[in-house]
Amino acid sequence: MVLDWIGPADRVQALPPYVFARLDELKARAREQGLDLIDLGMGNPDGATPEPVIEAAAKALRNPANHGYPPFEGTGSFRRTIATWYERRYGVKLDPEGEALPLLGSKEGLTHLALAYLNPGDLVLVPNPAYPAHFRGPLIAGARVHSIMLKPENDWAIDLNSIPEDVAREAKVMYFNYPNNPTGATAPREFFEEVVAFARHYSILLVHDLCYAELAFDGYQPTSLLEIDGAKDIGVEFHTLSKTYNMAGWRVGFVVGNRHVIQGLRTLKTNLDYGIFAALQSAAETALQLPEIYLEKVQKRYSSRRDFLISGLEKLGWTVRKPLATMYLWVPCPPGMGSTDFALTVLQNTGVVVTPGNAFGEGGEGFVRISLIAELERLQTALDRLEEAGIRFDAKLA
Ligand SMILES: Cc1ncc(COP(=O)(O)O)c(C=O)c1O
């Protein structure tokens with residue numbers, strides 16, 4: 001039977017095309033043409049999950065107690081480990097019974113939060129550019145998105161004064177994310193204080209995405225929203241094990257903060273999913289308890305790739321800001337070239353995959369994001385191929 005007369009729901013049809021899916025098609029085509037791809041497009045860490053985590057998972061897999069449906073709110077043991085980790089890391093106490101909720105990855109939670117808290121027509125504040133779930137989640141919920149445009153001249157900082165008074169009054173939720181994907185920008189603690197005061201003043205639910213909590217370099221320590229006095233009254237913060245612990249495929253994240261908001265999200269999720277396989281929650285506990293030396297190694301891996309690629313790009317004419325955190329370089333397109341054109345030119349001429357900045361909203365136009373997800377040798381090959389193809393940044397044309 002042909003069902004082509006049934007179209008997807010309006011909420012799906014209204015979504016702007018997902019650039020990563022389009023990029024996947026282009027990559028598949030390039031592979032068919034025999035190109036050896038160097039994929040620096042996704043935020044998908046290369047390499048393996050740490051051995052102690054794999055061992056903990058293998059052990060937990062053999063325990064039949066883990067084989068049934070897990071508890072909706074996650075295992076008590078994982079929630080307690082989250083609370084202990086949080087206190088150790090940020091000096092903030094959390095009640096594991098109501099202020100921490102495991103998630104099937106933070107992307108799921110960020111989107112479900114929008115479904116749990118936004119009615120059709122509600123107004124939500126989202127920086128632009130942003131990680132797509134921050135605006136796509138609200139769009140799926142039928143909300144209206146007010147973009148807070150981020151600008152290179154402000155080093156991609158959110159300017160709260162740029163939000164019109166009537167918009168601030170009407171807004172119900174605000175998403176934000178520092179250290180930032182895609183720009184690699186970081187925000188000082190004073191910004192967190194300002195945004196908490198702003199959200200309290202206008203009664204806005206603050207949603208902070210601290211995805212890159214541990215991928216910070218040169219002594220920089222990212223701030224957690226909940227470190228700020230009064231933040232727990234109006235905010236929640238999302239975390240993930242995907243990046244720090246190379247566990248992107250395991251789908252383990254969590255949200256912490258305001259208990260009423262977490263309860264609302266939990267109620268929605270109770271109707272949608274059963275949570276994370278208990279054996280993986282057990283392994284995730286091991287990840288959060290890994291010794292500091294593991295984190296130092298990860299940080300070193302990314303910061304050396306960052307420095308290597310920045311100096312290689314400099315030889316090709318680029319000046320790239322050195323990010324203090326994340327796993328990305330945010331690189332300007334050559335003068336006169338849009339981000340899609342540039343990403344396509346790079347892919348077709350070199351087999352190197354980079355993400356066009358407009359995948360993160362129109363505020364990302366004019367830039368591409370390069371993920372630091374390959375060893376130095378491979379990054380050198382990518383640089384060599386750019387040079388051979390004559391792809392450079394000519395500042396004189398800017
Ligand atoms: C800012 C941000 N939040 C969330 C995610 C998704 O992480 P997870 O694997 O936990 O869904 C990503 C992944 O790239 C991200 O960059």
# chains A, B, ... in the order shown; residues from 1 in each chain; ligands from 1
$ closest_atom_pairs --of "chain A" --to "ligand 1" --cutoff "8 Å" --atoms "only C-alpha atoms and all ligand atoms" --output "CSV"
residue,atom,partner,partner_atom_place_in_ligand_line,distance
A:Met42,CA,ligand 1,14 (O),7.3
A:Gly43,CA,ligand 1,14 (O),4.8
A:Asn44,CA,ligand 1,14 (O),7.1
A:Leu104,CA,ligand 1,11 (O),7.3
A:Gly105,CA,ligand 1,10 (O),3.5
A:Ser106,CA,ligand 1,10 (O),3.6
A:Lys107,CA,ligand 1,11 (O),3.7
A:Glu108,CA,ligand 1,11 (O),6.2
A:Gly109,CA,ligand 1,11 (O),7.9
A:Leu110,CA,ligand 1,4 (C),7.6
A:Ala130,CA,ligand 1,1 (C),7.7
A:Tyr131,CA,ligand 1,1 (C),5.2
A:Ala133,CA,ligand 1,4 (C),7.5
A:Asn177,CA,ligand 1,1 (C),6.1
A:Asn180,CA,ligand 1,1 (C),6.5
A:Asn181,CA,ligand 1,1 (C),5.1
A:Pro182,CA,ligand 1,16 (O),7.3
A:Asp209,CA,ligand 1,3 (N),5.8
A:Leu210,CA,ligand 1,1 (C),7.0
A:Cys211,CA,ligand 1,3 (N),5.1
A:Tyr212,CA,ligand 1,1 (C),7.3
A:Phe238,CA,ligand 1,3 (N),7.8
A:His239,CA,ligand 1,10 (O),6.9
A:Thr240,CA,ligand 1,10 (O),4.3
A:Leu241,CA,ligand 1,10 (O),6.4
A:Ser242,CA,ligand 1,9 (O),4.8
A:Lys243,CA,ligand 1,9 (O),7.3
A:Met247,CA,ligand 1,9 (O),7.8
A:Ala248,CA,ligand 1,9 (O),5.0
A:Gly249,CA,ligand 1,9 (O),7.4
A:Arg251,CA,ligand 1,9 (O),6.1
A:Val252,CA,ligand 1,10 (O),6.2
A:Gly253,CA,ligand 1,10 (O),5.1
$ closest_atom_pairs --of "stretch 185-299 of chain A" --to "stretch 51-66 of chain A" --cutoff "10 Å" --atoms "only C-alpha atoms" --output "CSV"
residue,atom,partner,partner_atom,distance
A:Tyr245,CA,A:Val53,CA,8.8
A:Met247,CA,A:Val53,CA,9.5
A:Phe277,CA,A:Asn66,CA,7.4
A:Ala278,CA,A:Asn66,CA,5.2
A:Ala279,CA,A:Ala60,CA,4.8
A:Leu280,CA,A:Ala57,CA,5.9
A:Gln281,CA,A:Ala57,CA,8.5
A:Ser282,CA,A:Ala60,CA,6.7
A:Ala283,CA,A:Ala57,CA,4.8
A:Ala284,CA,A:Val53,CA,7.0
A:Glu285,CA,A:Val53,CA,8.4
A:Thr286,CA,A:Val53,CA,5.7
A:Ala287,CA,A:Val53,CA,5.8
A:Leu288,CA,A:Val53,CA,9.5
A:Gln289,CA,A:Val53,CA,9.8
A:Leu290,CA,A:Pro52,CA,8.2
$ closest_atom_pairs --of "stretch 74-169 of chain A" --to "stretch 6-12 of chain A" --cutoff "9 Å" --atoms "only C-alpha atoms" --output "CSV"
residue,atom,partner,partner_atom,distance
A:Leu139,CA,A:Arg11,CA,7.4
A:Ile140,CA,A:Arg11,CA,5.5
A:Ala141,CA,A:Arg11,CA,7.6
A:Gly142,CA,A:Arg11,CA,6.9
$ write_last_selection --atoms "all heavy atoms" --output "CSV table (one decimal), in the first residue's frame"
chain,number,residue,atom,x,y,z
A,139,LEU,N,10.9,24.7,18.5
A,139,LEU,CA,10.1,24.7,17.3
A,139,LEU,C,9.2,23.5,17.2
A,139,LEU,O,8.1,23.6,16.8
A,139,LEU,CB,11.0,24.7,16.0
A,139,LEU,CG,11.8,26.0,15.8
A,139,LEU,CD1,12.7,25.9,14.5
A,139,LEU,CD2,10.8,27.2,15.6
A,140,ILE,N,9.7,22.3,17.6
A,140,ILE,CA,8.9,21.1,17.6
A,140,ILE,C,7.7,21.3,18.6
A,140,ILE,O,6.6,20.9,18.4
A,140,ILE,CB,9.7,19.9,18.1
A,140,ILE,CG1,10.7,19.5,16.9
A,140,ILE,CG2,8.8,18.6,18.3
A,140,ILE,CD1,11.7,18.5,17.3
A,141,ALA,N,8.0,22.0,19.7
A,141,ALA,CA,6.9,22.3,20.7
A,141,ALA,C,5.9,23.4,20.2
A,141,ALA,O,4.9,23.7,20.8
A,141,ALA,CB,7.5,22.7,22.0
A,142,GLY,N,6.2,24.0,19.0
A,142,GLY,CA,5.3,25.0,18.5
A,142,GLY,C,5.6,26.4,19.0
A,142,GLY,O,4.8,27.3,18.9
$ atom_distance --atom1 "atom CA of A:Leu125" --atom2 "atom CA of A:Lys93"
28.1 Å
$ closest_residue --among "A:Leu123, A:Arg79, A:Ile234, A:Phe192" --to "A:Ala168" --atoms "only C-alpha atoms"
A:Leu123
$ select_by_dssp --residues "stretch 179-217 of chain A" --states "helix (DSSP H, G or I)" --output "number ranges by chain"
A: 189-202
$ write_last_selection --atoms "C-alpha atoms" --output "short mmCIF file (atom, residue, chain, number, x, y, z; two decimals), in the first residue's frame"
data_model
loop_
_atom_site.label_atom_id
_atom_site.label_comp_id
_atom_site.auth_asym_id
_atom_site.auth_seq_id
_atom_site.Cartn_x
_atom_site.Cartn_y
_atom_site.Cartn_z
CA ARG A 189 31.27 34.08 35.94
CA GLU A 190 29.92 37.68 35.90
CA PHE A 191 27.85 36.79 32.84
CA PHE A 192 26.28 33.89 34.75
CA GLU A 193 25.45 36.29 37.59
CA GLU A 194 23.90 38.73 35.12
CA VAL A 195 21.81 36.10 33.36
CA VAL A 196 20.51 34.71 36.67
CA ALA A 197 19.47 38.22 37.75
CA PHE A 198 17.86 38.76 34.32
CA ALA A 199 15.92 35.48 34.48
CA ARG A 200 14.78 36.14 38.04
CA HIS A 201 13.66 39.65 37.14
CA TYR A 202 11.62 38.53 34.13
#
$ residues_around --residues "A:Ile310" --least-positions-apart "6" --cutoff "9 Å" --atoms "only C-alpha atoms" --output "list of chain:residue names"
A:Trp318, A:Thr319, A:Val320, A:Arg321, A:Lys322, A:Leu329
$ write_last_selection --atoms "N, CA, C and O atoms" --output "compact mmCIF listing (two decimals), in the first residue's frame"
# COMPACT_ATOMS: atom_id res chain seq x y z
N TRP A 318 45.06 31.95 7.70
CA TRP A 318 43.98 32.17 8.67
C TRP A 318 44.49 32.71 10.01
O TRP A 318 45.57 32.33 10.46
N THR A 319 43.66 33.56 10.63
CA THR A 319 43.87 33.89 12.03
C THR A 319 42.66 33.30 12.76
O THR A 319 41.52 33.70 12.50
N VAL A 320 42.91 32.32 13.60
CA VAL A 320 41.80 31.64 14.26
C VAL A 320 41.91 31.87 15.77
O VAL A 320 42.99 31.69 16.35
N ARG A 321 40.81 32.29 16.40
CA ARG A 321 40.82 32.50 17.84
C ARG A 321 41.06 31.16 18.56
O ARG A 321 40.49 30.14 18.18
N LYS A 322 41.95 31.20 19.58
CA LYS A 322 42.27 29.97 20.30
C LYS A 322 41.22 29.75 21.39
O LYS A 322 41.17 30.50 22.37
N LEU A 329 37.18 24.32 16.45
CA LEU A 329 37.70 25.62 15.99
C LEU A 329 36.59 26.25 15.16
O LEU A 329 35.92 25.57 14.39
$ select_by_dssp --residues "stretch 123-294 of chain A" --states "strand (DSSP E)" --output "MDAnalysis selection string"
chainID A and resid 123:128 144:149 173:176 205:209 235:240 253:257
$ closest_residue --among "A:Val173, A:Asp166, A:Leu118, A:Pro129" --to "A:Gly366" --atoms "only C-alpha atoms"
A:Pro129
$ residues_around --residues "A:Gly235" --least-positions-apart "3" --cutoff "8 Å" --atoms "only C-alpha atoms" --output "PyMOL selection string"
chain A and resi 205-208+225-226+231-232+257-258
$ write_last_selection --atoms "C-alpha atoms" --output "short mmCIF file (atom, residue, chain, number, x, y, z; two decimals), in the first residue's frame"
data_model
loop_
_atom_site.label_atom_id
_atom_site.label_comp_id
_atom_site.auth_asym_id
_atom_site.auth_seq_id
_atom_site.Cartn_x
_atom_site.Cartn_y
_atom_site.Cartn_z
CA LEU A 205 13.24 29.46 33.07
CA LEU A 206 17.00 29.30 32.39
CA VAL A 207 18.29 26.23 30.59
CA HIS A 208 22.06 25.99 30.59
CA LEU A 225 24.93 27.78 36.39
CA LEU A 226 24.07 26.32 39.79
CA ALA A 231 20.08 29.91 40.10
CA LYS A 232 18.35 26.80 41.39
CA GLY A 257 18.69 21.93 39.15
CA ASN A 258 15.20 23.15 39.92
#
